[in-house]
file final37.cif (mmCIF, C-alpha atoms)
data_structure
#
loop_
_atom_site.label_atom_id
_atom_site.label_comp_id
_atom_site.auth_asym_id
_atom_site.auth_seq_id
_atom_site.Cartn_x
_atom_site.Cartn_y
_atom_site.Cartn_z
CA MET E 1 92.85 60.11 84.51
CA VAL E 2 96.59 60.82 84.67
CA PRO E 3 97.34 64.19 86.30
CA ALA E 4 98.68 66.90 84.00
CA ALA E 5 101.72 67.28 86.27
CA TYR E 6 102.97 63.84 85.16
CA TYR E 7 102.85 64.80 81.50
CA VAL E 8 104.54 68.13 82.14
CA GLY E 9 107.27 66.46 84.21
CA LEU E 10 107.85 63.93 81.44
CA SER E 11 108.10 66.74 78.92
CA ALA E 12 110.75 68.47 81.07
CA VAL E 13 112.77 65.23 81.17
CA LEU E 14 112.53 64.82 77.39
CA PHE E 15 113.47 68.44 76.79
CA ALA E 16 116.59 68.07 78.94
CA ILE E 17 117.58 64.89 77.06
CA GLY E 18 117.18 66.73 73.75
CA ALA E 19 119.29 69.65 75.00
CA LEU E 20 121.96 67.18 76.12
CA GLY E 21 121.98 65.66 72.64
CA VAL E 22 122.45 69.05 71.00
CA LEU E 23 125.36 69.81 73.35
CA VAL E 24 127.24 66.51 73.19
CA ARG E 25 126.93 65.21 69.67
CA ARG E 26 129.13 66.27 66.76
CA ASN E 27 127.06 64.83 63.93
CA PRO E 28 124.64 67.52 62.63
CA LEU E 29 122.03 64.87 61.76
CA ILE E 30 121.84 63.70 65.37
CA ILE E 31 121.73 67.31 66.55
CA PHE E 32 118.68 67.75 64.33
CA MET E 33 117.06 64.66 65.81
CA SER E 34 117.70 66.05 69.29
CA ILE E 35 116.01 69.30 68.26
CA GLU E 36 113.02 67.23 67.16
CA ILE E 37 112.94 65.60 70.61
CA MET E 38 112.88 69.06 72.22
CA LEU E 39 110.07 70.24 69.92
CA ASN E 40 108.05 67.15 70.77
CA ALA E 41 108.59 67.69 74.48
CA ALA E 42 107.16 71.19 74.08
CA ASN E 43 104.20 69.73 72.16
CA LEU E 44 103.50 67.31 75.00
CA ALA E 45 103.49 70.19 77.49
CA PHE E 46 101.17 72.21 75.22
CA VAL E 47 98.59 69.44 75.04
CA ALA E 48 98.85 68.73 78.77
CA PHE E 49 98.30 72.37 79.69
CA GLY E 50 95.44 72.63 77.19
CA GLN E 51 93.80 69.61 78.82
CA ARG E 52 94.27 71.09 82.26
CA HIS E 53 92.68 74.39 81.37
CA GLY E 54 89.97 72.81 79.29
CA SER E 55 90.79 74.68 76.11
CA ILE E 56 91.57 73.66 72.54
CA ASP E 57 94.27 76.34 72.12
CA GLY E 58 97.05 73.98 73.21
CA GLN E 59 96.22 71.58 70.41
CA ALA E 60 96.01 74.40 67.84
CA LEU E 61 99.50 75.54 68.86
CA VAL E 62 100.83 72.00 68.50
CA PHE E 63 99.51 71.99 64.95
CA PHE E 64 101.60 75.07 64.14
CA VAL E 65 104.68 73.62 65.84
CA LEU E 66 104.24 70.55 63.63
CA CYS E 67 104.26 72.70 60.49
CA VAL E 68 107.30 74.68 61.60
CA ALA E 69 109.15 71.46 62.47
CA ALA E 70 108.47 70.03 59.02
CA ALA E 71 109.78 73.18 57.31
CA GLU E 72 112.78 73.33 59.63
CA VAL E 73 113.83 69.74 59.00
CA ALA E 74 113.52 70.13 55.23
CA VAL E 75 115.63 73.31 55.12
CA GLY E 76 118.12 72.04 57.70
CA LEU E 77 118.78 68.77 55.90
CA ALA E 78 119.20 70.64 52.60
CA ILE E 79 121.82 72.87 54.25
CA ILE E 80 123.61 69.83 55.67
CA VAL E 81 123.67 68.18 52.23
CA ALA E 82 125.02 71.39 50.66
CA ILE E 83 127.77 71.61 53.31
CA PHE E 84 128.65 67.95 52.80
CA ARG E 85 129.05 68.52 49.05
CA LEU E 86 131.48 71.33 49.76
CA ARG E 87 133.50 69.81 52.60
CA ARG E 88 133.13 66.01 52.36
CA ARG E 89 133.01 65.90 56.15
CA LEU E 90 130.23 66.25 58.66
CA SER E 91 131.28 67.70 61.97
CA VAL E 92 129.75 70.80 63.48
CA ASP E 93 133.01 71.67 65.26
CA GLU E 94 134.76 72.28 61.95
CA LEU E 95 132.07 74.58 60.61
CA SER E 96 133.30 77.79 62.14
CA LEU E 97 133.31 79.92 58.99
CA MET E 98 130.30 81.84 57.82
CA ARG E 99 131.40 81.61 54.20
CA GLY E 100 131.97 78.47 52.15
CA MET B 1 97.00 51.97 90.29
CA THR B 2 94.59 52.26 87.46
CA ALA B 3 95.10 50.94 83.95
CA ASN B 4 95.41 54.53 82.77
CA LEU B 5 98.38 55.14 85.03
CA ILE B 6 100.04 51.84 84.10
CA THR B 7 99.91 52.64 80.38
CA PHE B 8 101.28 56.10 81.17
CA TRP B 9 104.33 54.66 82.91
CA ILE B 10 104.96 52.08 80.19
CA LEU B 11 104.80 54.79 77.52
CA ALA B 12 106.92 57.16 79.60
CA VAL B 13 109.67 54.55 79.95
CA MET B 14 109.54 53.92 76.21
CA ALA B 15 109.67 57.65 75.41
CA VAL B 16 112.61 58.38 77.71
CA GLY B 17 114.46 55.23 76.67
CA SER B 18 114.13 55.93 72.97
CA ALA B 19 115.16 59.58 73.47
CA VAL B 20 118.29 58.40 75.31
CA GLY B 21 118.85 55.96 72.46
CA VAL B 22 118.75 58.77 69.90
CA VAL B 23 121.32 60.75 71.85
CA LEU B 24 123.72 57.92 72.71
CA ARG B 25 123.85 55.62 69.67
CA ARG B 26 126.91 56.06 67.51
CA ASN B 27 125.31 54.88 64.28
CA PRO B 28 122.94 57.59 62.91
CA ILE B 29 120.65 54.93 61.40
CA HIS B 30 120.04 53.49 64.89
CA SER B 31 119.36 57.00 66.14
CA ALA B 32 116.82 57.56 63.37
CA LEU B 33 115.02 54.31 64.22
CA PHE B 34 114.95 55.24 67.91
CA LEU B 35 113.51 58.60 66.83
CA VAL B 36 110.66 56.80 65.06
CA VAL B 37 109.88 54.87 68.26
CA HIS B 38 109.99 58.11 70.24
CA LEU B 39 107.60 59.89 67.87
CA ALA B 40 105.21 56.93 67.95
CA THR B 41 105.09 56.94 71.76
CA LEU B 42 104.30 60.67 71.67
CA ALA B 43 101.43 59.93 69.28
CA ALA B 44 100.20 57.39 71.84
CA PHE B 45 100.40 60.07 74.54
CA PHE B 46 98.28 62.38 72.39
CA LEU B 47 95.71 59.58 72.02
CA LYS B 48 95.70 59.12 75.78
CA MET B 49 94.99 62.83 76.21
CA ARG B 50 92.05 62.55 73.77
CA ALA B 51 93.76 64.61 71.06
CA GLU B 52 92.96 62.25 68.21
CA PHE B 53 93.66 64.68 65.39
CA LEU B 54 97.11 65.48 66.74
CA ALA B 55 97.95 61.81 67.17
CA THR B 56 97.10 61.19 63.51
CA ALA B 57 98.99 64.26 62.35
CA GLN B 58 101.97 63.21 64.46
CA VAL B 59 102.13 59.82 62.80
CA ILE B 60 101.69 61.23 59.29
CA VAL B 61 103.99 64.24 59.57
CA TYR B 62 106.70 62.99 61.92
CA ALA B 63 106.86 59.23 61.57
CA GLY B 64 105.90 59.47 57.91
CA ALA B 65 107.59 62.50 56.40
CA ILE B 66 110.31 63.63 58.81
CA ALA B 67 111.67 60.19 59.71
CA VAL B 68 111.82 59.23 56.03
CA LEU B 69 113.63 62.50 55.32
CA PHE B 70 116.21 61.68 58.01
CA VAL B 71 116.81 58.18 56.71
CA PHE B 72 117.11 59.56 53.18
CA ALA B 73 119.66 62.16 54.30
CA ILE B 74 121.67 59.47 56.11
CA MET B 75 121.74 57.40 52.92
CA VAL B 76 122.91 60.40 50.86
CA LEU B 77 125.57 61.52 53.31
CA ILE B 78 127.05 58.13 54.32
CA PRO B 79 128.01 59.35 57.80
CA GLY B 80 129.69 57.40 60.55
CA ARG B 81 133.26 58.67 60.47
CA GLU B 82 132.83 62.16 61.81
CA GLU B 83 132.72 61.17 65.47
CA SER B 84 135.61 58.74 65.44
CA GLY B 85 138.60 61.11 65.58
CA PRO B 86 140.02 62.81 68.66
CA ASP B 87 137.65 65.24 70.30
CA PRO B 88 139.07 68.79 70.43
CA LEU B 89 136.32 70.02 72.77
CA ARG B 90 136.21 67.17 75.26
CA SER B 91 136.09 69.36 78.37
CA GLN B 92 133.13 71.31 77.00
CA ARG B 93 131.29 68.08 76.26
CA LEU B 94 131.80 66.81 79.80
CA LEU B 95 130.43 70.14 81.00
CA ALA B 96 127.30 69.57 78.89
CA VAL B 97 125.95 66.88 81.22
CA PRO B 98 125.67 69.08 84.34
CA VAL B 99 124.35 71.91 82.15
CA ALA B 100 121.54 69.69 80.86
CA GLY B 101 120.84 68.56 84.44
CA LEU B 102 120.65 72.17 85.55
CA LEU B 103 118.28 72.93 82.69
CA PHE B 104 116.01 70.10 83.85
CA VAL B 105 116.02 71.39 87.44
CA LEU B 106 115.16 74.90 86.24
CA LEU B 107 112.32 73.60 84.07
CA ALA B 108 111.00 71.42 86.88
CA VAL B 109 110.98 74.28 89.39
CA MET B 110 109.31 76.64 86.91
CA LEU B 111 106.65 74.14 85.84
CA ARG B 112 105.96 73.17 89.46
CA SER B 113 105.15 76.75 90.31
CA THR B 114 102.82 77.12 87.32
CA LEU B 115 101.09 73.79 87.90
CA PHE B 116 100.32 74.21 91.55
CA SER B 117 99.63 77.93 91.66
CA SER B 118 96.19 77.99 90.07
CA ALA B 119 93.33 75.77 91.05
CA ALA B 120 92.69 72.87 88.73
CA ALA B 121 90.03 73.88 86.24
CA ARG B 122 89.23 70.58 84.61
CA ALA B 123 86.61 70.97 81.96
CA ASN B 124 86.13 68.36 79.31
CA VAL B 125 88.15 69.26 76.25
CA PRO B 126 86.65 68.38 72.90
CA GLY B 127 89.57 66.73 71.14
CA GLY B 128 88.17 65.63 67.82
CA VAL B 129 88.79 67.01 64.34
CA ASP B 130 85.59 68.99 64.70
CA ALA B 131 86.79 71.18 67.58
CA ILE B 132 90.33 71.74 66.37
CA GLY B 133 89.13 72.55 62.85
CA ARG B 134 86.74 75.11 64.26
CA ALA B 135 89.58 76.70 66.27
CA LEU B 136 91.98 76.71 63.30
CA PHE B 137 89.52 78.39 60.95
CA THR B 138 88.16 81.00 63.37
CA ASP B 139 90.58 82.11 66.10
CA TYR B 140 93.73 80.95 64.34
CA LEU B 141 92.82 81.75 60.75
CA PHE B 142 95.64 84.22 60.12
CA PRO B 143 98.45 82.04 61.56
CA PHE B 144 96.96 79.13 59.62
CA GLU B 145 97.27 81.04 56.34
CA VAL B 146 100.78 82.22 57.24
CA THR B 147 101.70 78.56 57.73
CA SER B 148 100.99 77.90 54.06
CA VAL B 149 103.40 80.70 53.10
CA LEU B 150 106.00 79.22 55.46
CA LEU B 151 105.73 75.81 53.84
CA LEU B 152 105.96 77.36 50.37
CA VAL B 153 109.09 79.31 51.34
CA ALA B 154 110.64 76.13 52.76
CA LEU B 155 109.82 74.25 49.56
CA VAL B 156 111.39 76.87 47.29
CA GLY B 157 114.36 77.34 49.63
CA VAL B 158 115.14 73.64 49.72
CA MET B 159 115.07 73.43 45.94
CA ALA B 160 117.37 76.45 45.64
CA LEU B 161 119.79 74.93 48.17
CA ALA B 162 119.83 71.43 46.79
CA LYS B 163 120.11 72.05 43.08
CA ARG B 164 123.48 71.52 41.45
CA ARG B 165 125.19 74.71 40.42
CA VAL B 166 125.77 74.66 36.68
CA ALA B 167 128.93 76.68 36.25
#
call {"tool": "encode", "arguments": {"input": "final37.cif", "output": "structure tokens"}}
result
Amino acid sequence: MVPAAYYVGLSAVLFAIGALGVLVRRNPLIIFMSIEIMLNAANLAFVAFGQRHGSIDGQALVFFVLCVAAAEVAVGLAIIVAIFRLRRRLSVDELSLMRG
Amino acid sequence: MTANLITFWILAVMAVGSAVGVVLRRNPIHSALFLVVHLATLAAFFLKMRAEFLATAQVIVYAGAIAVLFVFAIMVLIPGREESGPDPLRSQRLLAVPVAGLLFVLLAVMLRSTLFSSAAARANVPGGVDAIGRALFTDYLFPFEVTSVLLLVALVGVMALAKRRVA
């Protein structure tokens, strides 16, 4: 049996990599992928802690995170497509206006 | 070193490597394919932790739906040029690396204190569809129903955002 600490440490590493991706990249698609990495890191920690405490609650929470991630990706990609139609460019640094 | 630990390290190297691949590759298609590998290794981790339902849901929802959505968006948007020009915020981006490192240190310290503070209470967790279904439809019934509303709102919102405006 692998100790829960290993899984939690791995999830911290993955979360930091995802945060780095959000900070460095300019392409909104890749920023979204980095957010997915961070969500998955949190899921891994949820399941590991649930295992450690012998409860199913961790897995139930991961189920909800999965649903929220699906909704978030759908809406986020629709927003990116709408912005691309308006601007013909995809760079988060240029999107500093709140209005089209 | 048991077989369990060996598979853990193999999967961990794959997960970290593919995550780094997502962040560093210039071509978004390569990033999306690395993301698929990453999500698959996480499904394998869930299997290792005896969470069979979550492993299946991970493959169906993430590797199935979300990865396809990403690839589809990349095909619609034809990206690739947006990160080629001069970088107006280069100093901030260089600062991002130590910030991410600091975040990792903070997380590690915090998780260390939570992991080693309480005594290990290792009961056997029932991981099958049976147990998680029971939890979802008893303790988590209200959040479960709210989830359906969330998905409906996302569906309607995406259609409102993506439709062409007929002027």
call {"tool": "resolve_selection", "arguments": {"input": "final37.cif", "expression": "the PyMOL selection byres ((chain E and resi 52-62) around 10)", "output": "VMD selection string"}}
result
(chain E and resid 3 to 5 39 to 40 42 to 51 63 to 68) or (chain B and resid 46 51 53 to 54 58 115 119 to 128 131 to 136 139 to 140 143 to 144)
call {"tool": "atom_distance", "arguments": {"input": "final37.cif", "atom1": "CA of Ala32 (chain B)", "atom2": "CA of Ala82 (chain E)"}}
result
20.5 Å
call {"tool": "resolve_selection", "arguments": {"input": "final37.cif", "expression": "the PyMOL selection byres ((chain E and resi 19) around 8)", "output": "PyMOL selection string"}}
result
(chain E and resi 15-18+20-23+34-35+38) or (chain B and resi 100)
call {"tool": "resolve_selection", "arguments": {"input": "final37.cif", "expression": "the PyMOL selection byres ((chain E and resi 25) around 12)", "output": "PyMOL selection string"}}
result
(chain E and resi 17-24+26-35+90-93) or (chain B and resi 22-28+31+82-84+87+89-90+92-94+96-97)
call {"tool": "closest_residue", "arguments": {"input": "final37.cif", "among": "B:Leu47, B:Ala162, B:Val68, B:Val59", "to": "chain E", "atoms": "all atoms listed in the file"}}
result
B:Ala162
call {"tool": "atom_distance", "arguments": {"input": "final37.cif", "atom1": "CA of Tyr6 (chain E)", "atom2": "CA of Leu35 (chain B)"}}
result
21.8 Å
call {"tool": "build_atoms", "arguments": {"input": "final37.cif", "residues": "region 56-87 of chain E", "atoms": "N, CA and C atoms", "output": "PDB file, keeping the file's coordinate frame"}}
result
ATOM      1  N   ILE E  56      91.040  74.303  73.735  1.00  0.00           N
ATOM      2  CA  ILE E  56      91.570  73.660  72.540  1.00  0.00           C
ATOM      3  C   ILE E  56      92.817  74.380  72.044  1.00  0.00           C
ATOM      4  N   ASP E  57      93.163  75.523  72.635  1.00  0.00           N
ATOM      5  CA  ASP E  57      94.270  76.340  72.120  1.00  0.00           C
ATOM      6  C   ASP E  57      95.590  75.587  72.131  1.00  0.00           C
ATOM      7  N   GLY E  58      95.811  74.756  73.153  1.00  0.00           N
ATOM      8  CA  GLY E  58      97.050  73.980  73.210  1.00  0.00           C
ATOM      9  C   GLY E  58      97.212  73.116  71.979  1.00  0.00           C
ATOM     10  N   GLN E  59      96.127  72.462  71.576  1.00  0.00           N
ATOM     11  CA  GLN E  59      96.220  71.580  70.410  1.00  0.00           C
ATOM     12  C   GLN E  59      96.422  72.371  69.136  1.00  0.00           C
ATOM     13  N   ALA E  60      95.808  73.571  69.033  1.00  0.00           N
ATOM     14  CA  ALA E  60      96.010  74.400  67.840  1.00  0.00           C
ATOM     15  C   ALA E  60      97.479  74.809  67.735  1.00  0.00           C
ATOM     16  N   LEU E  61      98.084  75.149  68.881  1.00  0.00           N
ATOM     17  CA  LEU E  61      99.500  75.540  68.860  1.00  0.00           C
ATOM     18  C   LEU E  61     100.377  74.374  68.434  1.00  0.00           C
ATOM     19  N   VAL E  62     100.031  73.171  68.899  1.00  0.00           N
ATOM     20  CA  VAL E  62     100.830  72.000  68.500  1.00  0.00           C
ATOM     21  C   VAL E  62     100.777  71.817  66.995  1.00  0.00           C
ATOM     22  N   PHE E  63      99.630  72.098  66.407  1.00  0.00           N
ATOM     23  CA  PHE E  63      99.510  71.990  64.950  1.00  0.00           C
ATOM     24  C   PHE E  63     100.515  72.913  64.261  1.00  0.00           C
ATOM     25  N   PHE E  64     100.651  74.140  64.768  1.00  0.00           N
ATOM     26  CA  PHE E  64     101.600  75.070  64.140  1.00  0.00           C
ATOM     27  C   PHE E  64     103.040  74.625  64.378  1.00  0.00           C
ATOM     28  N   VAL E  65     103.325  74.113  65.573  1.00  0.00           N
ATOM     29  CA  VAL E  65     104.680  73.620  65.840  1.00  0.00           C
ATOM     30  C   VAL E  65     105.023  72.486  64.870  1.00  0.00           C
ATOM     31  N   LEU E  66     104.044  71.641  64.575  1.00  0.00           N
ATOM     32  CA  LEU E  66     104.240  70.550  63.630  1.00  0.00           C
ATOM     33  C   LEU E  66     104.647  71.074  62.264  1.00  0.00           C
ATOM     34  N   CYS E  67     103.937  72.126  61.809  1.00  0.00           N
ATOM     35  CA  CYS E  67     104.260  72.700  60.490  1.00  0.00           C
ATOM     36  C   CYS E  67     105.665  73.298  60.489  1.00  0.00           C
ATOM     37  N   VAL E  68     105.985  74.049  61.541  1.00  0.00           N
ATOM     38  CA  VAL E  68     107.300  74.680  61.600  1.00  0.00           C
ATOM     39  C   VAL E  68     108.390  73.618  61.649  1.00  0.00           C
ATOM     40  N   ALA E  69     108.141  72.529  62.389  1.00  0.00           N
ATOM     41  CA  ALA E  69     109.150  71.460  62.470  1.00  0.00           C
ATOM     42  C   ALA E  69     109.384  70.833  61.115  1.00  0.00           C
ATOM     43  N   ALA E  70     108.312  70.633  60.352  1.00  0.00           N
ATOM     44  CA  ALA E  70     108.470  70.030  59.020  1.00  0.00           C
ATOM     45  C   ALA E  70     109.312  70.939  58.129  1.00  0.00           C
ATOM     46  N   ALA E  71     109.014  72.251  58.134  1.00  0.00           N
ATOM     47  CA  ALA E  71     109.780  73.180  57.310  1.00  0.00           C
ATOM     48  C   ALA E  71     111.234  73.231  57.762  1.00  0.00           C
ATOM     49  N   GLU E  72     111.439  73.223  59.088  1.00  0.00           N
ATOM     50  CA  GLU E  72     112.780  73.330  59.630  1.00  0.00           C
ATOM     51  C   GLU E  72     113.632  72.129  59.257  1.00  0.00           C
ATOM     52  N   VAL E  73     113.063  70.941  59.348  1.00  0.00           N
ATOM     53  CA  VAL E  73     113.830  69.740  59.000  1.00  0.00           C
ATOM     54  C   VAL E  73     114.193  69.745  57.526  1.00  0.00           C
ATOM     55  N   ALA E  74     113.242  70.146  56.664  1.00  0.00           N
ATOM     56  CA  ALA E  74     113.520  70.130  55.230  1.00  0.00           C
ATOM     57  C   ALA E  74     114.669  71.085  54.901  1.00  0.00           C
ATOM     58  N   VAL E  75     114.589  72.325  55.411  1.00  0.00           N
ATOM     59  CA  VAL E  75     115.630  73.310  55.120  1.00  0.00           C
ATOM     60  C   VAL E  75     116.956  72.890  55.760  1.00  0.00           C
ATOM     61  N   GLY E  76     116.893  72.420  57.005  1.00  0.00           N
ATOM     62  CA  GLY E  76     118.120  72.040  57.700  1.00  0.00           C
ATOM     63  C   GLY E  76     118.856  70.911  57.000  1.00  0.00           C
ATOM     64  N   LEU E  77     118.120  69.880  56.574  1.00  0.00           N
ATOM     65  CA  LEU E  77     118.780  68.770  55.900  1.00  0.00           C
ATOM     66  C   LEU E  77     119.345  69.214  54.559  1.00  0.00           C
ATOM     67  N   ALA E  78     118.654  70.140  53.871  1.00  0.00           N
ATOM     68  CA  ALA E  78     119.200  70.640  52.600  1.00  0.00           C
ATOM     69  C   ALA E  78     120.513  71.380  52.849  1.00  0.00           C
ATOM     70  N   ILE E  79     120.568  72.161  53.927  1.00  0.00           N
ATOM     71  CA  ILE E  79     121.820  72.870  54.250  1.00  0.00           C
ATOM     72  C   ILE E  79     122.925  71.876  54.563  1.00  0.00           C
ATOM     73  N   ILE E  80     122.585  70.826  55.329  1.00  0.00           N
ATOM     74  CA  ILE E  80     123.610  69.830  55.670  1.00  0.00           C
ATOM     75  C   ILE E  80     124.136  69.160  54.408  1.00  0.00           C
ATOM     76  N   VAL E  81     123.234  68.821  53.474  1.00  0.00           N
ATOM     77  CA  VAL E  81     123.670  68.180  52.230  1.00  0.00           C
ATOM     78  C   VAL E  81     124.569  69.123  51.440  1.00  0.00           C
ATOM     79  N   ALA E  82     124.203  70.426  51.402  1.00  0.00           N
ATOM     80  CA  ALA E  82     125.020  71.390  50.660  1.00  0.00           C
ATOM     81  C   ALA E  82     126.410  71.507  51.287  1.00  0.00           C
ATOM     82  N   ILE E  83     126.475  71.526  52.631  1.00  0.00           N
ATOM     83  CA  ILE E  83     127.770  71.610  53.310  1.00  0.00           C
ATOM     84  C   ILE E  83     128.599  70.365  53.024  1.00  0.00           C
ATOM     85  N   PHE E  84     127.939  69.207  53.037  1.00  0.00           N
ATOM     86  CA  PHE E  84     128.650  67.950  52.800  1.00  0.00           C
ATOM     87  C   PHE E  84     129.249  67.920  51.398  1.00  0.00           C
ATOM     88  N   ARG E  85     128.520  68.464  50.421  1.00  0.00           N
ATOM     89  CA  ARG E  85     129.050  68.520  49.050  1.00  0.00           C
ATOM     90  C   ARG E  85     130.312  69.351  48.996  1.00  0.00           C
ATOM     91  N   LEU E  86     130.355  70.406  49.802  1.00  0.00           N
ATOM     92  CA  LEU E  86     131.480  71.330  49.760  1.00  0.00           C
ATOM     93  C   LEU E  86     132.679  70.778  50.516  1.00  0.00           C
ATOM     94  N   ARG E  87     132.432  70.151  51.675  1.00  0.00           N
ATOM     95  CA  ARG E  87     133.500  69.810  52.600  1.00  0.00           C
ATOM     96  C   ARG E  87     133.856  68.347  52.652  1.00  0.00           C
TER      97      ARG E  87
END
